Amino acid sequence: MIILAIETSCDDTGVALVKKDEKGNISLLSGALSSQDEIHRKWGGVYPSEAKRAHQKNLVPTLEEALKKADFIDGKGSEMPKKAMSFLEREEELAENLSSFLRKSRPKKIDAVAVTIGPGLEPCLYAGVNFAKALAASLEVPLIPVNHIKAHILSFLFEKREVSFPAVALVASGGHTELVLMKFLKSYNLLGKTRDDAAGECLDKTARVLGLGYPGGPAIAKKAAKLSTPTTRFSISLPRPMLYSKNYDFSFSGLKTAVLYDFLSRKKETQKSEDYITAMAREIEEAVTDVLVFKLKKALTDTNAKTAILGGGVTANKTLQQKAEKLVSSFPGTELIIPSPRLSTDNAEMIGAAATVEKKKTNYVTIVPNANLTVY
Ligand code: KG4
Ligand code: ZN
């Protein structure tokens with residue numbers, strides 16, 4: 001079975017081709033991604049209507065790239081059916097781009113179109129879902145709705161099919177920070193989540209305070225890497241919010257405010273000094289990763305988990321990965337799964353991977369911007 005997967009929940013436009021063979025092995029045929037970092041840099045965060053416009057512009061070129069990479073174009077195409085066109089009534093540019101692409105190129109055999117239905121930014125989800133509907137109607141194949149958080153967790157399916165349960169997944173991204181207990185592959189129980197900002201949001205916002213640009217996570221990590229250990233030079237001391245709370249919840253907004261207050265309390269020349277910015281970046285990274293790993297430890301201990309799974313953009317962070325490795329090595333018999341950097345941040349490959357274990361195939365999907373773990 002060949003699945004064409006689409007991801008547009010935030011600021012990355014992704015299309016991937018994923019294959020599942022008769023034995024259940026999952027392989028990646030191709031993946032293409034259009035990043036919008038350049039567009040959102042000026043805002044220091046994702047601006048939903050600009051993000052939607054960029055998806056509308058990028059979806060067809062990204063589709064074409066993914067199909068070409070997998071050698072999946074089979075000669076000349078045909079007119080897009082009226083029904084397919086009707087799904088793009090409000091997406092004029094997208095309708096024009098897709099119909100002109102399908103006129104000149106016919107994709108090889110695809111069995112289903114998978115698409116992120118949520119959680120995510122509503123305008124962005126609409127672009128992806130309408131596009132998926134039009135494409136599925138053109139190819140006369142069913143749709144598979146996919147939950148974005150579950151897809152972050154299931155990106156490991158490309159590398160591993162057998163996982164021991166129970167498993168605990170830590171999903172940390174720009175929009176979410178959640179600990180999820182899995183008793184088997186398709187069972188998801190939310191243990192805890194952030195009560196305010198997500199870990200990635202905290203990194204993005206504090207990076208902005210320090211003038212480090214967007215996305216903030218990698219920018220902070222790059223600066224922080226200049227110091228192998230935190231420095232005491234500026235006596236920066238950031239809180240580790242909710243570290244000892246009796247639940248699995250997180251809170252990052254106090255940490256964000258603490259960074260802002262420390263920054264504002266400094267003299268102008270200190271605020272601009274490379275040494276201060278580096279020291280602060282190191283301390284921010286330390287604080288965020290301390291909290292994430294501490295809560296992961298609590299979840300692993302309480303659930304007797306056999307597997308710990310990381311997912312989401314923030315888990316591309318090397319310091320976090322090292323702390324998680326150290327933690328999990330102290331749990332004999334527990335395995336740690338870390339996705340490759342390409343699969344940590346948003347991508348369509350993981351949507352395809354999640355779709356391979358999803359039974360639901362339908363002719364109709366709709367967006368669920370606040371989808372929780374019970375949705376698909
Ligand atoms: O999973 P993702 O690409 O998108 C969402 O679903 O939100 O995560 C994006 C977040 C951003 O906040 C970004 O700053 C952060 O992941 N991020 C990182 C790193 N790479 C991306 N944070 C820390 N270290 C990184 N290396
Ligand atoms: Zn994500």
# chains A, B, ... in the order shown; residues from 1 in each chain; ligands from 1
$ residues_near_ligand --ligand "ligand 2" --cutoff "10 Å" --atoms "only C-alpha atoms and all ligand atoms" --output "count of residues only"
31
$ residues_around --residues "range 289-298 of chain A" --least-positions-apart "5" --cutoff "8 Å" --atoms "only C-alpha atoms" --output "ChimeraX atom specification"
/A:168,170,179,240-243,248,250,319-320,323-324,327
$ write_last_selection --atoms "C-alpha atoms" --output "compact mmCIF listing (two decimals), in the first residue's frame"
# COMPACT_ATOMS: atom_id res chain seq x y z
CA VAL A 168 5.84 6.71 27.69
CA LEU A 170 7.38 12.86 25.61
CA LEU A 179 3.52 13.10 28.36
CA ARG A 240 12.33 24.92 37.03
CA PRO A 241 8.54 25.35 37.12
CA MET A 242 6.37 22.57 38.56
CA LEU A 243 9.36 20.30 39.06
CA TYR A 248 2.85 15.22 35.02
CA PHE A 250 4.34 21.44 32.86
CA THR A 319 21.27 18.47 25.52
CA LEU A 320 17.78 17.07 26.00
CA LYS A 323 19.89 13.96 29.55
CA ALA A 324 17.21 11.52 28.35
CA LEU A 327 18.03 9.00 32.57
$ residues_around --residues "Leu191 in chain A" --least-positions-apart "5" --cutoff "8 Å" --atoms "only C-alpha atoms" --output "PDB file with N, CA, C and O atoms, in the first residue's frame"
ATOM      1  N   GLU A 178       3.607  17.357  26.020  1.00  0.00           N
ATOM      2  CA  GLU A 178       2.716  16.349  26.608  1.00  0.00           C
ATOM      3  C   GLU A 178       3.488  15.091  26.965  1.00  0.00           C
ATOM      4  O   GLU A 178       4.446  14.723  26.286  1.00  0.00           O
ATOM      5  N   LEU A 179       3.028  14.441  28.032  1.00  0.00           N
ATOM      6  CA  LEU A 179       3.521  13.099  28.358  1.00  0.00           C
ATOM      7  C   LEU A 179       2.355  12.148  28.118  1.00  0.00           C
ATOM      8  O   LEU A 179       1.244  12.362  28.618  1.00  0.00           O
ATOM      9  N   VAL A 180       2.614  11.126  27.308  1.00  0.00           N
ATOM     10  CA  VAL A 180       1.545  10.219  26.896  1.00  0.00           C
ATOM     11  C   VAL A 180       1.917   8.790  27.263  1.00  0.00           C
ATOM     12  O   VAL A 180       3.044   8.350  27.011  1.00  0.00           O
ATOM     13  N   LEU A 181       0.982   8.083  27.871  1.00  0.00           N
ATOM     14  CA  LEU A 181       1.204   6.674  28.198  1.00  0.00           C
ATOM     15  C   LEU A 181       0.560   5.815  27.118  1.00  0.00           C
ATOM     16  O   LEU A 181      -0.615   5.981  26.784  1.00  0.00           O
ATOM     17  N   TYR A 248       1.923  15.253  36.169  1.00  0.00           N
ATOM     18  CA  TYR A 248       2.848  15.223  35.019  1.00  0.00           C
ATOM     19  C   TYR A 248       2.702  16.483  34.176  1.00  0.00           C
ATOM     20  O   TYR A 248       3.094  16.500  33.013  1.00  0.00           O
ATOM     21  N   ASP A 249       2.137  17.534  34.773  1.00  0.00           N
ATOM     22  CA  ASP A 249       1.934  18.764  34.014  1.00  0.00           C
ATOM     23  C   ASP A 249       3.210  19.624  33.976  1.00  0.00           C
ATOM     24  O   ASP A 249       4.105  19.469  34.805  1.00  0.00           O
ATOM     25  N   ALA A 299       7.279   9.875  35.077  1.00  0.00           N
ATOM     26  CA  ALA A 299       6.350   9.044  34.301  1.00  0.00           C
ATOM     27  C   ALA A 299       6.900   7.623  34.121  1.00  0.00           C
ATOM     28  O   ALA A 299       6.167   6.639  34.257  1.00  0.00           O
TER      29      ALA A 299
END
$ select_by_dssp --residues "range 192-367 of chain A" --states "strand (DSSP E)" --output "list in words"
Gly192, Lys193, Thr307, Ala308, Ile309, Leu310, Gly311, Glu335, Leu336 and Ile337 of chain A
$ residues_around --residues "range 131-147 of chain A" --least-positions-apart "5" --cutoff "6 Å" --atoms "only C-alpha atoms" --output "short mmCIF file (atom, residue, chain, number, x, y, z; two decimals) with N, CA and C atoms, in the first residue's frame"
data_model
loop_
_atom_site.label_atom_id
_atom_site.label_comp_id
_atom_site.auth_asym_id
_atom_site.auth_seq_id
_atom_site.Cartn_x
_atom_site.Cartn_y
_atom_site.Cartn_z
N ALA A 84 -13.45 17.26 -7.47
CA ALA A 84 -12.17 17.61 -6.84
C ALA A 84 -12.03 19.14 -6.79
N PHE A 87 -13.70 21.12 -3.90
CA PHE A 87 -13.06 21.19 -2.59
C PHE A 87 -12.12 22.39 -2.47
N ASP A 111 -2.56 4.54 -3.01
CA ASP A 111 -3.74 3.85 -2.46
C ASP A 111 -4.57 4.72 -1.53
N ALA A 112 -3.95 5.73 -0.92
CA ALA A 112 -4.71 6.60 -0.01
C ALA A 112 -3.95 7.91 0.18
N VAL A 113 -4.71 8.94 0.54
CA VAL A 113 -4.09 10.23 0.87
C VAL A 113 -4.30 10.47 2.36
N ALA A 114 -3.21 10.62 3.10
CA ALA A 114 -3.30 10.87 4.55
C ALA A 114 -3.05 12.35 4.80
N VAL A 115 -3.77 12.90 5.79
CA VAL A 115 -3.60 14.34 6.04
C VAL A 115 -3.79 14.65 7.52
N THR A 116 -3.01 15.61 8.00
CA THR A 116 -3.14 16.07 9.39
C THR A 116 -4.45 16.82 9.54
N ILE A 117 -5.27 16.40 10.52
CA ILE A 117 -6.54 17.12 10.75
C ILE A 117 -6.46 18.00 12.00
N GLY A 118 -5.43 17.83 12.82
CA GLY A 118 -5.25 18.61 14.03
C GLY A 118 -4.40 17.82 15.01
N LYS A 361 -10.44 4.75 6.92
CA LYS A 361 -10.31 5.32 5.57
C LYS A 361 -11.69 5.87 5.23
N THR A 362 -11.73 7.04 4.66
CA THR A 362 -13.00 7.70 4.49
C THR A 362 -12.99 8.55 3.22
N ASN A 363 -14.18 9.00 2.82
CA ASN A 363 -14.20 9.92 1.69
C ASN A 363 -14.30 11.36 2.18
N TYR A 376 -8.64 10.15 16.33
CA TYR A 376 -7.78 9.35 15.45
C TYR A 376 -6.46 9.01 16.08
#
$ residues_around --residues "range 214-219 of chain A" --least-positions-apart "5" --cutoff "10 Å" --atoms "only C-alpha atoms" --output "JSON, numbers by chain"
{"A": [37, 38, 39, 40, 41, 42, 43, 44, 45, 46, 173, 174, 199, 200, 201, 202, 203, 204, 205, 206, 207, 208, 209, 224, 281, 285, 313, 314, 315, 316, 317, 318]}
$ closest_residue --among "A:Asn304, A:Ser27, A:Leu88, A:Gln322" --to "Phe156 in chain A" --atoms "only C-alpha atoms"
A:Ser27
$ atom_distance --atom1 "CA of Ala70 in chain A" --atom2 "atom 9 (C, counted along the ligand's line) of ligand 1"
26.6 Å
$ closest_residue --among "A:Gly128, A:Pro48, A:Gly14, A:Gly211" --to "Leu33 in chain A" --atoms "only C-alpha atoms"
A:Gly14
